[in-house]
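S.K.: Next comes coords_26.tsv, TSV, C-alpha atoms:
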```
chain	number	residue	atom	x	y	z
A	1230	MET	CA	-20.58	-31.55	-30.26
A	1231	ALA	CA	-20.77	-28.37	-28.16
A	1232	LYS	CA	-24.04	-27.28	-26.55
A	1233	LYS	CA	-26.21	-25.13	-28.80
A	1234	GLN	CA	-26.41	-22.35	-26.22
A	1235	LEU	CA	-22.62	-22.10	-26.06
A	1236	VAL	CA	-22.33	-22.17	-29.85
A	1237	ASP	CA	-24.94	-19.40	-30.15
A	1238	SER	CA	-23.06	-17.26	-27.62
A	1239	ILE	CA	-19.81	-17.67	-29.57
A	1240	LEU	CA	-21.48	-16.78	-32.86
A	1241	LYS	CA	-22.99	-13.63	-31.34
A	1242	LEU	CA	-19.65	-12.64	-29.89
A	1243	TYR	CA	-17.97	-13.26	-33.26
A	1244	SER	CA	-20.51	-10.94	-34.90
A	1245	LYS	CA	-19.95	-8.36	-32.17
A	1246	LEU	CA	-16.22	-8.43	-32.92
A	1247	GLY	CA	-16.98	-7.71	-36.58
A	1248	GLY	CA	-16.80	-11.22	-38.00
A	1249	ASN	CA	-19.11	-12.39	-40.79
A	1250	VAL	CA	-20.70	-15.69	-39.74
A	1251	SER	CA	-21.78	-16.52	-43.28
A	1252	GLU	CA	-18.12	-16.57	-44.35
A	1253	VAL	CA	-17.23	-19.41	-41.96
A	1254	LEU	CA	-20.26	-21.65	-42.48
A	1255	GLY	CA	-19.26	-24.94	-44.10
A	1256	THR	CA	-15.54	-24.13	-44.31
A	1257	ARG	CA	-14.59	-27.12	-42.15
A	1258	SER	CA	-17.57	-29.43	-42.76
A	1259	ASN	CA	-15.56	-31.93	-44.84
A	1260	ILE	CA	-12.60	-32.11	-42.43
A	1261	SER	CA	-12.36	-34.57	-39.58
A	1262	PHE	CA	-11.25	-32.84	-36.41
A	1263	LEU	CA	-8.09	-33.92	-34.60
A	1264	GLY	CA	-9.74	-35.69	-31.67
A	1265	THR	CA	-8.65	-35.19	-28.07
A	1266	GLY	CA	-4.98	-34.38	-28.70
A	1267	LYS	CA	-3.38	-30.97	-29.14
A	1268	SER	CA	-4.51	-29.30	-32.36
A	1269	PRO	CA	-2.93	-26.49	-34.39
A	1270	GLU	CA	-5.96	-24.34	-33.55
A	1271	GLY	CA	-4.53	-21.99	-30.93
A	1272	PHE	CA	-7.87	-20.37	-30.09
A	1273	ILE	CA	-9.27	-23.80	-29.22
A	1274	ASP	CA	-6.42	-25.36	-27.27
A	1275	SER	CA	-4.31	-22.52	-25.86
A	1276	THR	CA	-4.69	-19.40	-23.75
A	1277	ILE	CA	-4.03	-16.40	-25.96
A	1278	ASN	CA	-1.46	-13.69	-25.30
A	1279	ILE	CA	-3.35	-10.43	-24.80
A	1280	ASP	CA	-0.34	-8.29	-25.72
A	1281	ALA	CA	0.03	-10.16	-29.00
A	1282	ILE	CA	-3.67	-9.70	-29.76
A	1283	GLY	CA	-3.39	-5.95	-29.36
A	1284	ALA	CA	-0.33	-5.84	-31.59
A	1285	LEU	CA	-1.97	-7.88	-34.38
A	1286	GLY	CA	-5.03	-5.66	-34.67
A	1287	LYS	CA	-8.67	-6.65	-35.02
A	1288	ASN	CA	-8.69	-7.50	-38.75
A	1289	LYS	CA	-5.76	-9.91	-38.43
A	1290	VAL	CA	-7.30	-11.51	-35.34
A	1291	LEU	CA	-10.61	-12.04	-37.15
A	1292	ASP	CA	-8.74	-13.70	-40.02
A	1293	GLU	CA	-7.01	-16.01	-37.56
A	1294	LEU	CA	-10.36	-16.83	-35.93
A	1295	LYS	CA	-12.00	-17.99	-39.15
A	1296	SER	CA	-10.54	-21.48	-39.03
A	1297	SER	CA	-11.68	-22.13	-35.47
A	1298	MET	CA	-15.12	-20.68	-36.24
A	1299	GLY	CA	-15.32	-23.06	-39.21
A	1300	TYR	CA	-14.85	-26.04	-36.90
A	1301	LEU	CA	-17.47	-24.60	-34.53
A	1302	THR	CA	-20.13	-24.10	-37.20
A	1303	ALA	CA	-19.42	-27.58	-38.58
A	1304	ASN	CA	-20.26	-29.02	-35.12
A	1305	LYS	CA	-16.75	-30.46	-34.72
A	1306	LEU	CA	-15.95	-28.95	-31.30
A	1307	ASN	CA	-16.84	-30.44	-27.93
A	1308	ASP	CA	-17.85	-28.36	-24.91
A	1309	VAL	CA	-14.28	-28.07	-23.61
A	1310	GLN	CA	-12.90	-26.88	-26.96
A	1311	ALA	CA	-15.78	-24.49	-27.55
A	1312	GLY	CA	-15.43	-23.21	-23.99
A	1313	LYS	CA	-11.75	-22.41	-24.55
A	1314	LEU	CA	-12.61	-20.67	-27.82
A	1315	TYR	CA	-15.26	-18.59	-26.04
A	1316	GLU	CA	-12.87	-17.74	-23.20
A	1317	ASN	CA	-10.25	-16.50	-25.66
A	1318	MET	CA	-12.81	-14.52	-27.62
A	1319	LEU	CA	-13.96	-12.80	-24.43
A	1320	LYS	CA	-10.37	-11.68	-23.91
A	1321	ILE	CA	-10.23	-10.40	-27.46
A	1322	ASP	CA	-13.48	-8.53	-26.86
A	1323	ASN	CA	-12.03	-7.02	-23.71
A	1324	VAL	CA	-9.03	-5.73	-25.70
A	1325	PHE	CA	-10.99	-4.15	-28.53
A	1326	ASN	CA	-14.20	-3.26	-26.63
A	1327	PRO	CA	-13.02	-2.61	-23.04
A	1328	ASP	CA	-16.05	-0.57	-22.04
A	1329	ILE	CA	-18.60	-3.24	-22.94
A	1330	ALA	CA	-16.81	-6.46	-21.97
A	1331	ALA	CA	-18.81	-9.28	-20.41
A	1332	PRO	CA	-19.51	-8.82	-16.64
A	1333	VAL	CA	-17.60	-11.96	-15.60
A	1334	GLN	CA	-14.59	-10.85	-17.65
A	1335	GLN	CA	-14.68	-7.41	-16.01
A	1336	PHE	CA	-14.84	-8.97	-12.58
A	1337	SER	CA	-12.06	-11.43	-13.42
A	1338	ASN	CA	-9.79	-8.44	-14.13
A	1339	GLU	CA	-10.76	-7.06	-10.73
A	1340	ILE	CA	-9.91	-10.38	-9.07
A	1341	ASP	CA	-6.57	-10.49	-10.89
A	1342	ALA	CA	-5.74	-7.15	-9.30
A	1343	LEU	CA	-6.76	-8.42	-5.86
A	1344	GLU	CA	-4.66	-11.56	-6.28
A	1345	THR	CA	-1.66	-9.34	-6.98
A	1346	MET	CA	-2.38	-7.43	-3.78
A	1347	THR	CA	-2.36	-10.62	-1.69
A	1348	LYS	CA	1.36	-10.87	-2.47
A	1349	ASN	CA	1.85	-7.37	-1.09
A	1350	LYS	CA	1.52	-7.02	2.69
A	1351	ALA	CA	0.17	-3.49	2.34
A	1352	GLY	CA	-2.68	-4.77	0.20
A	1353	HIS	CA	-4.30	-6.95	2.85
A	1354	GLU	CA	-6.10	-4.06	4.54
A	1355	PHE	CA	-7.57	-2.97	1.22
A	1356	ILE	CA	-8.78	-6.49	0.43
A	1357	THR	CA	-10.40	-6.85	3.86
A	1358	ALA	CA	-12.23	-3.56	3.35
A	1359	TYR	CA	-13.24	-4.66	-0.16
A	1360	VAL	CA	-14.85	-7.85	1.15
A	1361	ASP	CA	-16.55	-5.96	3.97
A	1362	ASP	CA	-18.07	-3.57	1.42
A	1363	ILE	CA	-19.43	-6.46	-0.65
A	1364	TYR	CA	-21.19	-7.85	2.41
A	1365	LYS	CA	-22.61	-4.43	3.28
A	1366	ASN	CA	-23.82	-3.90	-0.28
A	1367	ALA	CA	-25.42	-7.33	-0.09
A	1368	GLY	CA	-27.61	-6.15	2.77
A	1369	VAL	CA	-25.58	-7.50	5.69
A	1370	THR	CA	-25.93	-4.82	8.35
A	1371	ALA	CA	-25.24	-6.90	11.48
A	1372	SER	CA	-22.15	-8.96	12.24
A	1373	VAL	CA	-24.31	-11.97	13.10
A	1374	ASP	CA	-25.64	-11.96	9.52
A	1375	VAL	CA	-22.19	-12.35	7.95
A	1376	ALA	CA	-22.08	-16.06	8.74
A	1377	LYS	CA	-25.67	-16.48	7.49
A	1378	LYS	CA	-24.93	-14.78	4.18
A	1379	ARG	CA	-21.70	-16.72	3.77
A	1380	GLY	CA	-23.51	-20.00	4.48
A	1381	ALA	CA	-26.23	-19.17	1.94
A	1382	ALA	CA	-23.58	-18.25	-0.65
A	1383	ARG	CA	-21.79	-21.55	-0.10
A	1384	GLU	CA	-25.02	-23.56	-0.41
A	1385	PHE	CA	-25.95	-21.61	-3.55
A	1386	LEU	CA	-22.59	-22.44	-5.14
A	1387	PHE	CA	-22.93	-26.12	-4.23
A	1388	THR	CA	-26.39	-26.20	-5.78
A	1389	MET	CA	-25.37	-24.35	-8.94
A	1390	LEU	CA	-22.37	-26.59	-9.68
A	1391	LYS	CA	-24.45	-29.06	-11.68
A	1392	LYS	CA	-27.47	-26.88	-12.55
A	1393	GLU	CA	-27.95	-25.57	-16.07
A	1394	THR	CA	-28.41	-21.79	-15.96
A	1395	ASP	CA	-28.60	-18.73	-18.17
A	1396	LEU	CA	-26.92	-16.60	-15.51
A	1397	LEU	CA	-23.46	-17.55	-16.77
A	1398	PRO	CA	-22.34	-15.70	-19.93
A	1399	GLN	CA	-21.74	-18.97	-21.76
A	1400	GLY	CA	-24.65	-20.86	-20.17
A	1401	GLY	CA	-24.21	-24.41	-18.93
A	1402	THR	CA	-23.37	-25.30	-15.35
A	1403	LEU	CA	-21.04	-23.59	-12.90
A	1404	GLU	CA	-18.97	-26.78	-12.83
A	1405	SER	CA	-18.34	-26.48	-16.58
A	1406	VAL	CA	-16.77	-23.01	-16.36
A	1407	ILE	CA	-15.34	-22.59	-12.88
A	1408	SER	CA	-11.56	-22.50	-12.45
A	1409	PRO	CA	-9.91	-25.46	-10.65
A	1410	GLN	CA	-8.79	-23.15	-7.85
A	1411	ASP	CA	-12.27	-21.72	-7.27
A	1412	TYR	CA	-13.75	-25.22	-7.40
A	1413	LYS	CA	-11.35	-26.24	-4.64
A	1414	PHE	CA	-12.39	-23.20	-2.58
A	1415	ILE	CA	-16.04	-24.26	-2.85
A	1416	MET	CA	-15.42	-27.90	-2.01
A	1417	GLU	CA	-12.72	-27.52	0.62
A	1418	GLY	CA	-12.87	-23.92	1.82
A	1419	GLY	CA	-9.78	-21.78	2.25
A	1420	GLY	CA	-8.45	-19.17	-0.13
A	1421	GLY	CA	-8.77	-16.26	2.25
A	1422	ALA	CA	-10.76	-13.31	0.95
A	1423	LEU	CA	-10.65	-14.51	-2.65
A	1424	GLY	CA	-12.07	-17.88	-1.62
A	1425	ASP	CA	-14.98	-16.33	0.28
A	1426	PRO	CA	-18.22	-17.89	-1.03
A	1427	LEU	CA	-19.89	-14.50	-1.50
A	1428	ILE	CA	-16.91	-13.24	-3.51
A	1429	LEU	CA	-17.20	-16.29	-5.75
A	1430	VAL	CA	-20.94	-15.70	-6.22
A	1431	LYS	CA	-20.17	-12.12	-7.27
A	1432	LYS	CA	-17.41	-13.32	-9.60
A	1433	TYR	CA	-19.55	-15.79	-11.53
A	1434	PHE	CA	-23.12	-14.50	-11.13
A	1435	GLY	CA	-22.97	-10.72	-10.58
A	1436	ASP	CA	-24.07	-8.23	-7.95
A	1437	THR	CA	-27.82	-8.79	-8.21
A	1438	ILE	CA	-27.55	-12.43	-7.15
A	1439	VAL	CA	-25.20	-11.43	-4.32
A	1440	LYS	CA	-27.73	-8.91	-3.02
A	1441	ARG	CA	-30.70	-11.26	-3.30
A	1442	LEU	CA	-29.13	-14.26	-1.66
A	1443	PRO	CA	-31.19	-15.07	1.44
A	1444	LEU	CA	-29.80	-15.11	4.96
A	1445	ASN	CA	-31.17	-18.62	5.27
A	1446	SER	CA	-29.07	-21.50	3.96
A	1447	ASP	CA	-31.74	-24.19	4.42
A	1448	LYS	CA	-31.83	-26.46	1.37
A	1449	GLU	CA	-35.50	-25.74	0.65
A	1450	VAL	CA	-34.92	-21.99	0.67
A	1451	ILE	CA	-31.82	-22.15	-1.53
A	1452	ASP	CA	-33.46	-24.60	-3.96
A	1453	THR	CA	-36.42	-22.23	-4.32
A	1454	PHE	CA	-34.10	-19.27	-4.86
A	1455	VAL	CA	-32.09	-21.17	-7.48
A	1456	GLU	CA	-35.15	-22.19	-9.46
A	1457	ASN	CA	-36.30	-18.56	-9.57
A	1458	VAL	CA	-33.04	-17.13	-10.86
A	1459	ARG	CA	-31.28	-19.69	-13.04
A	1460	PHE	CA	-33.35	-18.94	-16.16
A	1461	THR	CA	-34.17	-15.26	-16.34
A	1462	LYS	CA	-34.01	-12.09	-18.42
A	1463	ASP	CA	-32.84	-8.66	-17.34
A	1464	ARG	CA	-35.21	-5.72	-16.88
A	1465	ALA	CA	-34.77	-4.73	-20.52
A	1466	GLY	CA	-35.95	-8.18	-21.58
A	1467	PHE	CA	-32.60	-9.43	-22.87
A	1468	PRO	CA	-31.82	-13.13	-22.28
A	1469	ASN	CA	-28.38	-14.15	-21.10
A	1470	ASP	CA	-27.12	-15.12	-24.55
A	1471	ASP	CA	-27.68	-11.56	-25.80
A	1472	PRO	CA	-24.53	-9.36	-25.60
A	1473	ARG	CA	-26.69	-6.65	-24.03
A	1474	PHE	CA	-27.78	-8.86	-21.11
A	1475	ASN	CA	-27.08	-7.19	-17.75
A	1476	PRO	CA	-26.84	-9.70	-14.85
A	1477	ASP	CA	-26.86	-6.82	-12.38
A	1478	ASP	CA	-30.26	-5.54	-13.53
A	1479	LEU	CA	-32.60	-8.49	-13.02
A	1480	PRO	CA	-36.33	-8.01	-12.30
A	1481	GLU	CA	-37.90	-8.66	-8.92
A	1482	PHE	CA	-39.28	-12.11	-8.23
A	1483	LYS	CA	-42.83	-12.49	-9.43
A	1484	HIS	CA	-44.12	-14.68	-6.60
A	1485	GLY	CA	-45.14	-12.41	-3.72
A	1486	GLY	CA	-44.89	-15.09	-1.06
A	1487	LEU	CA	-41.32	-15.93	-1.98
A	1488	ALA	CA	-39.89	-12.64	-0.78
A	1489	LYS	CA	-40.73	-13.40	2.85
A	1490	ILE	CA	-39.18	-16.85	2.63
A	1491	LEU	CA	-35.95	-15.47	1.21
A	1492	GLU	CA	-35.61	-12.86	3.91
A	1493	VAL	CA	-35.70	-15.38	6.75
```
As structure tokens, please, write out the structure in this file.
M.R.:
Amino acid sequence: MAKKQLVDSILKLYSKLGGNVSEVLGTRSNISFLGTGKSPEGFIDSTINIDAIGALGKNKVLDELKSSMGYLTANKLNDVQAGKLYENMLKIDNVFNPDIAAPVQQFSNEIDALETMTKNKAGHEFITAYVDDIYKNAGVTASVDVAKKRGAAREFLFTMLKKETDLLPQGGTLESVISPQDYKFIMEGGGGALGDPLILVKKYFGDTIVKRLPLNSDKEVIDTFVENVRFTKDRAGFPNDDPRFNPDDLPEFKHGGLAKILEV
């Protein structure tokens, strides 16, 4: 059975897309799911074709989603299946609501563009400047601080791999949502600009976390930072499972003494 937080996020996204949750409740409660093998539920097992989604139109897509939502509300999906459903629904949301798509989805599109540029020799200069700007915006004003910020970002990612957090759009741990390629970058390094630890922090956790990461990668400092940010609300008071949650508008830390520690 999928985690409640993930289920709640999917239901809210379904409502945002225009679906009626009451219509799917109980529609699959008397059906045994198909286990671990491939199922006929494309939204659960496959990566959807964005072009096809746009051609079908929202009403047809919502009709197609009803079956998968029925399995979800009947508690017949595991975390992997529900995660794939949520991933596909985020793509649908990005097609029909491009201006208010989830922050991670927006950044993923940005990364897709950068990955295309890595195949083009002329794009390398742009990517280098892009990464430099991220470090500058994160408060790195001296070259000696680049390594410190990068080390803190790497330690933060290591720590967050198995930590439950509300900072991710679908909740859960970083390990449960991260791509295999990004996981390899964290564990083994490499990947060039796109494998840079600070770029990965931005990709999965947003600009605010990037800016607030300390220049100190000591375990005690990072652990303290993690515990202060992994369950939080934005300045407007919206929790992460609310579609209005803004990960780039988090409040300041409440503990006055912590600020000095994090700036070391």
S.K.: For CA of Ala1371 in chain A and CA of Asp1411 in chain A, quote the distance in Å rounded to one decimal.
M.R.: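 Answer for the CA of Ala1371 in chain A to CA of Asp1411 in chain A separation: 27.2 Å.
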S.K.: Could you check which of A:Ser1408, A:Asn1445, A:Asn1475, A:Thr1370 is closest to Leu1396 in chain A, using only C-alpha atoms?
M.R.: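 Of the candidates, the smallest distance to Leu1396 in chain A is held by A:Asn1475.
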S.K.: With distances taken over all atoms listed in the file, which of A:Ala1422, A:Ile1415, A:Val1439, A:Leu1397 is nearest to Lys1365 in chain A?
M.R.: A:Val1439
S.K.: Using only C-alpha atoms, which residues sit within 12 Å of range 1288-1295 of chain A once same-chain residues fewer than 3 positions away are excluded, as a PyMOL selection string?
M.R.: chain A and resi 1239-1240+1242-1257+1269-1273+1277-1279+1281-1285+1298-1302+1314-1315+1317-1318+1320-1322+1324-1325
S.K.: Given the selection you just returned, output its residues as a file containing C-alpha atoms, formatted as a compact mmCIF listing (two decimals), in the frame of the given file.
M.R.:
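Output below, filename again_32.txt:
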```txt
# COMPACT_ATOMS: atom_id res chain seq x y z
CA ILE A 1239 -19.81 -17.67 -29.57
CA LEU A 1240 -21.48 -16.78 -32.86
CA LEU A 1242 -19.65 -12.64 -29.89
CA TYR A 1243 -17.97 -13.26 -33.26
CA SER A 1244 -20.51 -10.94 -34.90
CA LYS A 1245 -19.95 -8.36 -32.17
CA LEU A 1246 -16.22 -8.43 -32.92
CA GLY A 1247 -16.98 -7.71 -36.58
CA GLY A 1248 -16.80 -11.22 -38.00
CA ASN A 1249 -19.11 -12.39 -40.79
CA VAL A 1250 -20.70 -15.69 -39.74
CA SER A 1251 -21.78 -16.52 -43.28
CA GLU A 1252 -18.12 -16.57 -44.35
CA VAL A 1253 -17.23 -19.41 -41.96
CA LEU A 1254 -20.26 -21.65 -42.48
CA GLY A 1255 -19.26 -24.94 -44.10
CA THR A 1256 -15.54 -24.13 -44.31
CA ARG A 1257 -14.59 -27.12 -42.15
CA PRO A 1269 -2.93 -26.49 -34.39
CA GLU A 1270 -5.96 -24.34 -33.55
CA GLY A 1271 -4.53 -21.99 -30.93
CA PHE A 1272 -7.87 -20.37 -30.09
CA ILE A 1273 -9.27 -23.80 -29.22
CA ILE A 1277 -4.03 -16.40 -25.96
CA ASN A 1278 -1.46 -13.69 -25.30
CA ILE A 1279 -3.35 -10.43 -24.80
CA ALA A 1281 0.03 -10.16 -29.00
CA ILE A 1282 -3.67 -9.70 -29.76
CA GLY A 1283 -3.39 -5.95 -29.36
CA ALA A 1284 -0.33 -5.84 -31.59
CA LEU A 1285 -1.97 -7.88 -34.38
CA MET A 1298 -15.12 -20.68 -36.24
CA GLY A 1299 -15.32 -23.06 -39.21
CA TYR A 1300 -14.85 -26.04 -36.90
CA LEU A 1301 -17.47 -24.60 -34.53
CA THR A 1302 -20.13 -24.10 -37.20
CA LEU A 1314 -12.61 -20.67 -27.82
CA TYR A 1315 -15.26 -18.59 -26.04
CA ASN A 1317 -10.25 -16.50 -25.66
CA MET A 1318 -12.81 -14.52 -27.62
CA LYS A 1320 -10.37 -11.68 -23.91
CA ILE A 1321 -10.23 -10.40 -27.46
CA ASP A 1322 -13.48 -8.53 -26.86
CA VAL A 1324 -9.03 -5.73 -25.70
CA PHE A 1325 -10.99 -4.15 -28.53
```
S.K.: Report as a PDB file with C-alpha atoms, keeping the file's coordinate frame all protein, DNA and RNA residues lying within 10 Å of Asp1452 in chain A, evaluated on all atoms listed in the file, omitting residues in the same chain fewer than 6 positions from it.
M.R.:
```
ATOM      1  CA  GLU A1384     -25.020 -23.560  -0.410  1.00  0.00           C
ATOM      2  CA  PHE A1385     -25.950 -21.610  -3.550  1.00  0.00           C
ATOM      3  CA  THR A1388     -26.390 -26.200  -5.780  1.00  0.00           C
ATOM      4  CA  MET A1389     -25.370 -24.350  -8.940  1.00  0.00           C
ATOM      5  CA  SER A1446     -29.070 -21.500   3.960  1.00  0.00           C
TER       6      SER A1446
END
```
S.K.: By how many Å are CA of Leu1390 in chain A and CA of Val1406 in chain A apart?
M.R.: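 These two atoms are separated by 9.4 Å.
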S.K.: For the atom pair CA of Ala1311 in chain A and CA of Lys1233 in chain A, what is the interatomic distance in Å to one decimal place?
M.R.: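 Those two atoms sit 10.5 Å apart.
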S.K.: From the list A:Ala1381, A:Gly1424, A:Asn1323, A:Phe1467, which residue is nearest Pro1443 in chain A when using only C-alpha atoms?
M.R.: A:Ala1381
